[in-house]
Amino acid sequence: MKNVSLSNYGHKWVHELTHDTDLKRFLPVDERSRVIDVYNHTILPAEETSIDPLLIKKGFLRSTYDTKNLIKRRYKQNPLEHVRWIIFEYTSLCNFDCEMCYNATVRHTTEKDIYVLKKAADASVVMGVKRFLFIGGEVSKYGRNWLDLSEHISSQGDLDVVLLSNGWFCMEEGGFNAAGKKYKDRKEYFSELKERGLTHLLFSIDGDRDSHDRSRGRDGLYDAIMGGIDEAKESGLTVRLSFLTSDHVDDSHLVGLAQKIYDFPKHTTHKNMVGHLLSDDDNIITNRIDIGNDANRKEGILDIDKGLSLMRCPGFFRPDNLTIKANGEIATCRLANVGEGYGNIHNQDFISILNSMQDSFIYKLHADNRFKEYARYIRPSVFGDRFHHPCSLRAVMTAVAKKVHDELIDPNDELEILRINTEVAKATGHRKESK
C-alpha cells in the first residue's frame, strides 16, 4: 500500500516550526494539520482524495513504499536539518586576482535568471532560513540586478541580507560604477545598499596591512577599507569581516579589527575584544586552503595515506549552508566546483533538488565514507604529492571520485585515470592550463 512521509523540505519545515511559529503562515490550516499529522506518525496511508497530492506537489510530502524504520532513518539523516543560511554566488567574475583565491580556476559566469533565485529564496524562507549571503567573484562590481534580489528577500521578513566584498569601492575617489549603475560617491552607494534591503556588509581581509595589500595586489586597500567601514556604519549597515586567522596571526591585529567594527565599553580588555570578534557568527573566519591561486604551496605536509581518515566531511551531508553557484548548481562546498552534484536550478526545481539530496553520489561519498574505495584512482604526482590543508586533499579526492563514478572509469585503465586526475588538477589549480 502506498504511504506518504515527510520530504526533507517538509521535515525541515516542521522542525523549524517548533522554534518559529510564524512559519505556519506559509501553509493553510488543513495542509498544516496534515503535515504535522504525518510528522507525528512518521508515515501514514496516502489519501488520494485529500490534500496529499497538493502537498506532494508543494514538496512537503513524498509518496513512498518504504518501511517505518527506513523513514525514521531518513528523517534522522535529513541533510537540511542544520541549514541556516543560503549563499548566492551570483557571479564568478572578479576585478582582483588575489594570491589565496580558491575560485581562480572557475569558469567566469554571472547568473542572468533572477526569477529562479527569487523562487529559491522564497522556498528557503519557508523552511526557516533567515540569513542570505551574496558572494562572488565580486557581486558589487559585476552582479547586475543583484540588489533586486536583495530587496525581494528583505521584503519577506526580518532577515539578514549580507554582501561579502573585497572593498574595491573604498579606493574610488568621486563617482564609480557598481553592478551597472553610476554612484556619485560611497555615501550614496551605501545608502542604496541599505534602502534595497542589505543589512550586513562584510569586508574580506587577508591578514595585516602589508599581507593584505600584497595578497590583493592593491597598495593602500587595507587603509581604504578601514575608512570605508566608518562610512558604511554611518549609513546604518552592520559591518563585519571575513578574515584569515592562524597561529601566526598577531593578536594586536585582531584587536585593531575588533575595535574598528565594534563599539566596546570603555574598560573592555583586549582579550575580550578578540574573543568577541572570533565568536561573532556574523564574521566569517577562514584558513588558507591550497586550492586555486594558492595551490602547490611548498609547505605542504599532508599526503594521501595520512589524510584518508580526514576526508569524510559533514558539510557535504549535514551542511549548515547551501550555495547556489553562478552556474545554477547547488553546492555544499565553495572550493572550485567540488561541492556541485546535487542538481541545477535551471534544470530542476529548487525544492525538488533539496528533497533528493540523499540520492546524489557526492552525498553518499561523504555520508557513507567511501573514500577508501576511490583512493586507488588518485595519482598524487599529478597534484604535487602533498597538500597543506585537509580541505585541499578532500576537494581533490571528492572531484576525482565523482568523475570516476560519473564516467564509469575502469580501475585498470591508466590513461583514463591520468586524464581525470589531470582535469581535476587543472580545476583545482594544482596544474596550470597550457597557453
# chains A, B, ... in the order shown; residues from 1 in each chain; ligands from 1
$ select_by_dssp --residues "stretch 201-377 of chain A" --states "strand (DSSP E)" --output "list in words"
Leu201, Leu202, Phe203, Ser204, Ile205, Thr238, Val239, Arg240, Leu241, Ser242, Phe243, Leu244, Ile284, Ile285, Thr286, Asn321, Leu322, Thr323, Ile324, Glu329, Ile330, Ala331, Glu340, Gly341, Tyr342, Gly343 and Asn344 of chain A
$ residues_around --residues "stretch 387-395 of chain A" --least-positions-apart "4" --cutoff "10 Å" --atoms "only C-alpha atoms" --output "NGL selection string"
:A and (102 or 287-292 or 294-304 or 307-308 or 310-313 or 333-339 or 371 or 380 or 383 or 399-401 or 424 or 428 or 430)
$ residues_around --residues "A:Leu149" --least-positions-apart "4" --cutoff "10 Å" --atoms "only C-alpha atoms" --output "list in words"
Phe88, Ile114, Tyr115, Leu117, Lys118, Ala121, Phe134, Asn145, Ile153, Ser154, Ser155, Val161, Arg196 and Gly197 of chain A
$ write_last_selection --atoms "N, CA and C atoms" --output "mmCIF file, in the first residue's frame"
data_model
loop_
_atom_site.group_PDB
_atom_site.id
_atom_site.type_symbol
_atom_site.label_atom_id
_atom_site.label_comp_id
_atom_site.auth_asym_id
_atom_site.auth_seq_id
_atom_site.Cartn_x
_atom_site.Cartn_y
_atom_site.Cartn_z
ATOM 1 N N PHE A 88 24.318 32.962 -2.232
ATOM 2 C CA PHE A 88 24.171 33.212 -3.663
ATOM 3 C C PHE A 88 25.532 33.629 -4.208
ATOM 4 N N ILE A 114 17.130 35.980 -12.588
ATOM 5 C CA ILE A 114 16.885 36.327 -11.193
ATOM 6 C C ILE A 114 15.605 35.680 -10.672
ATOM 7 N N TYR A 115 14.700 35.301 -11.572
ATOM 8 C CA TYR A 115 13.436 34.681 -11.162
ATOM 9 C C TYR A 115 13.683 33.372 -10.414
ATOM 10 N N LEU A 117 16.286 32.542 -8.773
ATOM 11 C CA LEU A 117 16.900 32.849 -7.484
ATOM 12 C C LEU A 117 15.861 33.344 -6.490
ATOM 13 N N LYS A 118 14.901 34.122 -6.967
ATOM 14 C CA LYS A 118 13.818 34.570 -6.091
ATOM 15 C C LYS A 118 13.001 33.384 -5.591
ATOM 16 N N ALA A 121 14.995 31.656 -2.963
ATOM 17 C CA ALA A 121 14.989 32.445 -1.731
ATOM 18 C C ALA A 121 13.667 32.279 -0.995
ATOM 19 N N PHE A 134 25.504 37.112 -0.229
ATOM 20 C CA PHE A 134 25.926 37.298 -1.620
ATOM 21 C C PHE A 134 27.445 37.283 -1.681
ATOM 22 N N ASN A 145 21.701 43.562 -11.236
ATOM 23 C CA ASN A 145 20.364 43.302 -10.678
ATOM 24 C C ASN A 145 20.387 42.526 -9.361
ATOM 25 N N ILE A 153 14.288 39.610 -1.048
ATOM 26 C CA ILE A 153 14.490 38.807 0.160
ATOM 27 C C ILE A 153 14.086 39.584 1.402
ATOM 28 N N SER A 154 14.526 40.833 1.484
ATOM 29 C CA SER A 154 14.248 41.634 2.680
ATOM 30 C C SER A 154 12.762 41.889 2.870
ATOM 31 N N SER A 155 11.991 41.822 1.784
ATOM 32 C CA SER A 155 10.545 42.046 1.886
ATOM 33 C C SER A 155 9.829 40.865 2.529
ATOM 34 N N VAL A 161 20.484 40.047 5.216
ATOM 35 C CA VAL A 161 20.923 40.021 3.823
ATOM 36 C C VAL A 161 22.335 40.596 3.809
ATOM 37 N N ARG A 196 17.886 49.071 -0.266
ATOM 38 C CA ARG A 196 17.495 47.906 -1.069
ATOM 39 C C ARG A 196 17.542 46.602 -0.276
ATOM 40 N N GLY A 197 17.628 46.710 1.039
ATOM 41 C CA GLY A 197 17.464 45.524 1.877
ATOM 42 C C GLY A 197 18.713 44.935 2.482
#
$ residues_around --residues "stretch 141-143 of chain A" --least-positions-apart "4" --cutoff "8 Å" --atoms "only C-alpha atoms" --output "list in words"
Tyr90, Thr91, Leu93, Cys94, Asn95, Thr110, Glu111, Asn177, Ala178, Ala179 and Gly180 of chain A
$ write_last_selection --atoms "C-alpha atoms" --output "PDB file, in the first residue's frame"
ATOM      1  CA  TYR A  90      25.663  35.195  -8.280  1.00  0.00           C
ATOM      2  CA  THR A  91      28.831  35.853 -10.285  1.00  0.00           C
ATOM      3  CA  LEU A  93      33.644  37.452 -12.242  1.00  0.00           C
ATOM      4  CA  CYS A  94      36.097  39.447 -10.153  1.00  0.00           C
ATOM      5  CA  ASN A  95      38.187  42.586 -10.556  1.00  0.00           C
ATOM      6  CA  THR A 110      27.044  35.500 -13.949  1.00  0.00           C
ATOM      7  CA  GLU A 111      23.512  34.427 -13.096  1.00  0.00           C
ATOM      8  CA  ASN A 177      30.060  52.258 -11.395  1.00  0.00           C
ATOM      9  CA  ALA A 178      28.850  49.302  -9.368  1.00  0.00           C
ATOM     10  CA  ALA A 179      26.905  46.447 -10.979  1.00  0.00           C
ATOM     11  CA  GLY A 180      25.886  48.609 -13.917  1.00  0.00           C
TER      12      GLY A 180
END
$ closest_residue --among "A:Lys112, A:Lys187, A:Lys76, A:Lys402" --to "A:Glu234" --atoms "only C-alpha atoms"
A:Lys187
$ select_by_dssp --residues "stretch 83-317 of chain A" --states "alpha helix (DSSP H)" --output "MDAnalysis selection string"
chainID A and resid 114:126 139:142 146:154 186:195 209:216 221:234 251:261 270:279 304:307
$ residues_around --residues "A:Gly275" --least-positions-apart "5" --cutoff "10 Å" --atoms "only C-alpha atoms" --output "ChimeraX atom specification"
/A:254-255,258,269-270,280
$ write_last_selection --atoms "N, CA and C atoms" --output "PDB file, in the first residue's frame"
ATOM      1  N   LEU A 254      44.155  41.510  15.469  1.00  0.00           N
ATOM      2  CA  LEU A 254      42.756  41.173  15.724  1.00  0.00           C
ATOM      3  C   LEU A 254      42.098  42.208  16.636  1.00  0.00           C
ATOM      4  N   VAL A 255      42.859  42.713  17.596  1.00  0.00           N
ATOM      5  CA  VAL A 255      42.325  43.770  18.468  1.00  0.00           C
ATOM      6  C   VAL A 255      41.951  44.990  17.639  1.00  0.00           C
ATOM      7  N   ALA A 258      38.750  44.319  15.745  1.00  0.00           N
ATOM      8  CA  ALA A 258      37.597  44.323  16.647  1.00  0.00           C
ATOM      9  C   ALA A 258      37.209  45.744  17.035  1.00  0.00           C
ATOM     10  N   THR A 269      38.688  44.489  27.927  1.00  0.00           N
ATOM     11  CA  THR A 269      40.072  44.045  27.747  1.00  0.00           C
ATOM     12  C   THR A 269      40.312  43.610  26.304  1.00  0.00           C
ATOM     13  N   HIS A 270      41.575  43.638  25.914  1.00  0.00           N
ATOM     14  CA  HIS A 270      41.929  43.191  24.566  1.00  0.00           C
ATOM     15  C   HIS A 270      41.558  41.725  24.360  1.00  0.00           C
ATOM     16  N   ASP A 280      31.753  35.881  17.131  1.00  0.00           N
ATOM     17  CA  ASP A 280      30.614  36.514  16.464  1.00  0.00           C
ATOM     18  C   ASP A 280      30.286  35.745  15.180  1.00  0.00           C
TER      19      ASP A 280
END
$ residues_around --residues "A:Asn8" --least-positions-apart "6" --cutoff "12 Å" --atoms "only C-alpha atoms" --output "mmCIF file with C-alpha atoms, in the first residue's frame"
data_model
loop_
_atom_site.group_PDB
_atom_site.id
_atom_site.type_symbol
_atom_site.label_atom_id
_atom_site.label_comp_id
_atom_site.auth_asym_id
_atom_site.auth_seq_id
_atom_site.Cartn_x
_atom_site.Cartn_y
_atom_site.Cartn_z
ATOM 1 C CA VAL A 14 8.109 21.088 10.924
ATOM 2 C CA HIS A 15 11.413 21.088 12.779
ATOM 3 C CA TYR A 39 5.230 14.020 11.272
ATOM 4 C CA ILE A 56 3.449 16.382 -2.649
ATOM 5 C CA GLY A 59 7.334 19.457 -1.820
ATOM 6 C CA PHE A 60 6.251 18.867 1.795
ATOM 7 C CA LEU A 61 5.245 15.199 1.405
ATOM 8 C CA ARG A 62 6.542 12.299 -0.648
ATOM 9 C CA ILE A 71 11.536 6.600 7.086
ATOM 10 C CA LYS A 72 12.723 7.223 10.647
ATOM 11 C CA ARG A 73 16.280 6.777 9.456
ATOM 12 C CA ARG A 74 15.686 9.176 6.577
ATOM 13 C CA TYR A 75 14.347 11.797 8.990
ATOM 14 C CA LYS A 76 17.422 11.424 11.203
ATOM 15 C CA GLN A 77 19.674 11.885 8.176
ATOM 16 C CA ASN A 78 17.833 14.878 6.726
ATOM 17 C CA PRO A 79 20.592 16.957 5.076
ATOM 18 C CA LEU A 80 18.560 20.137 5.584
ATOM 19 C CA GLU A 81 18.329 19.865 9.365
ATOM 20 C CA HIS A 82 21.203 22.239 10.133
ATOM 21 C CA VAL A 83 20.902 24.576 7.136
ATOM 22 C CA MET A 127 11.905 26.356 5.702
ATOM 23 C CA ARG A 318 24.766 17.693 7.117
ATOM 24 C CA ILE A 351 12.749 22.174 -3.651
ATOM 25 C CA SER A 352 12.987 19.000 -5.741
ATOM 26 C CA ILE A 353 16.771 19.220 -5.537
ATOM 27 C CA LEU A 354 16.606 19.590 -1.760
ATOM 28 C CA ASN A 355 14.301 16.589 -1.479
ATOM 29 C CA SER A 356 16.625 14.304 -3.418
ATOM 30 C CA MET A 357 19.994 15.268 -1.935
ATOM 31 C CA GLN A 358 20.487 11.815 -0.382
ATOM 32 C CA ASP A 359 20.301 10.278 -3.846
#
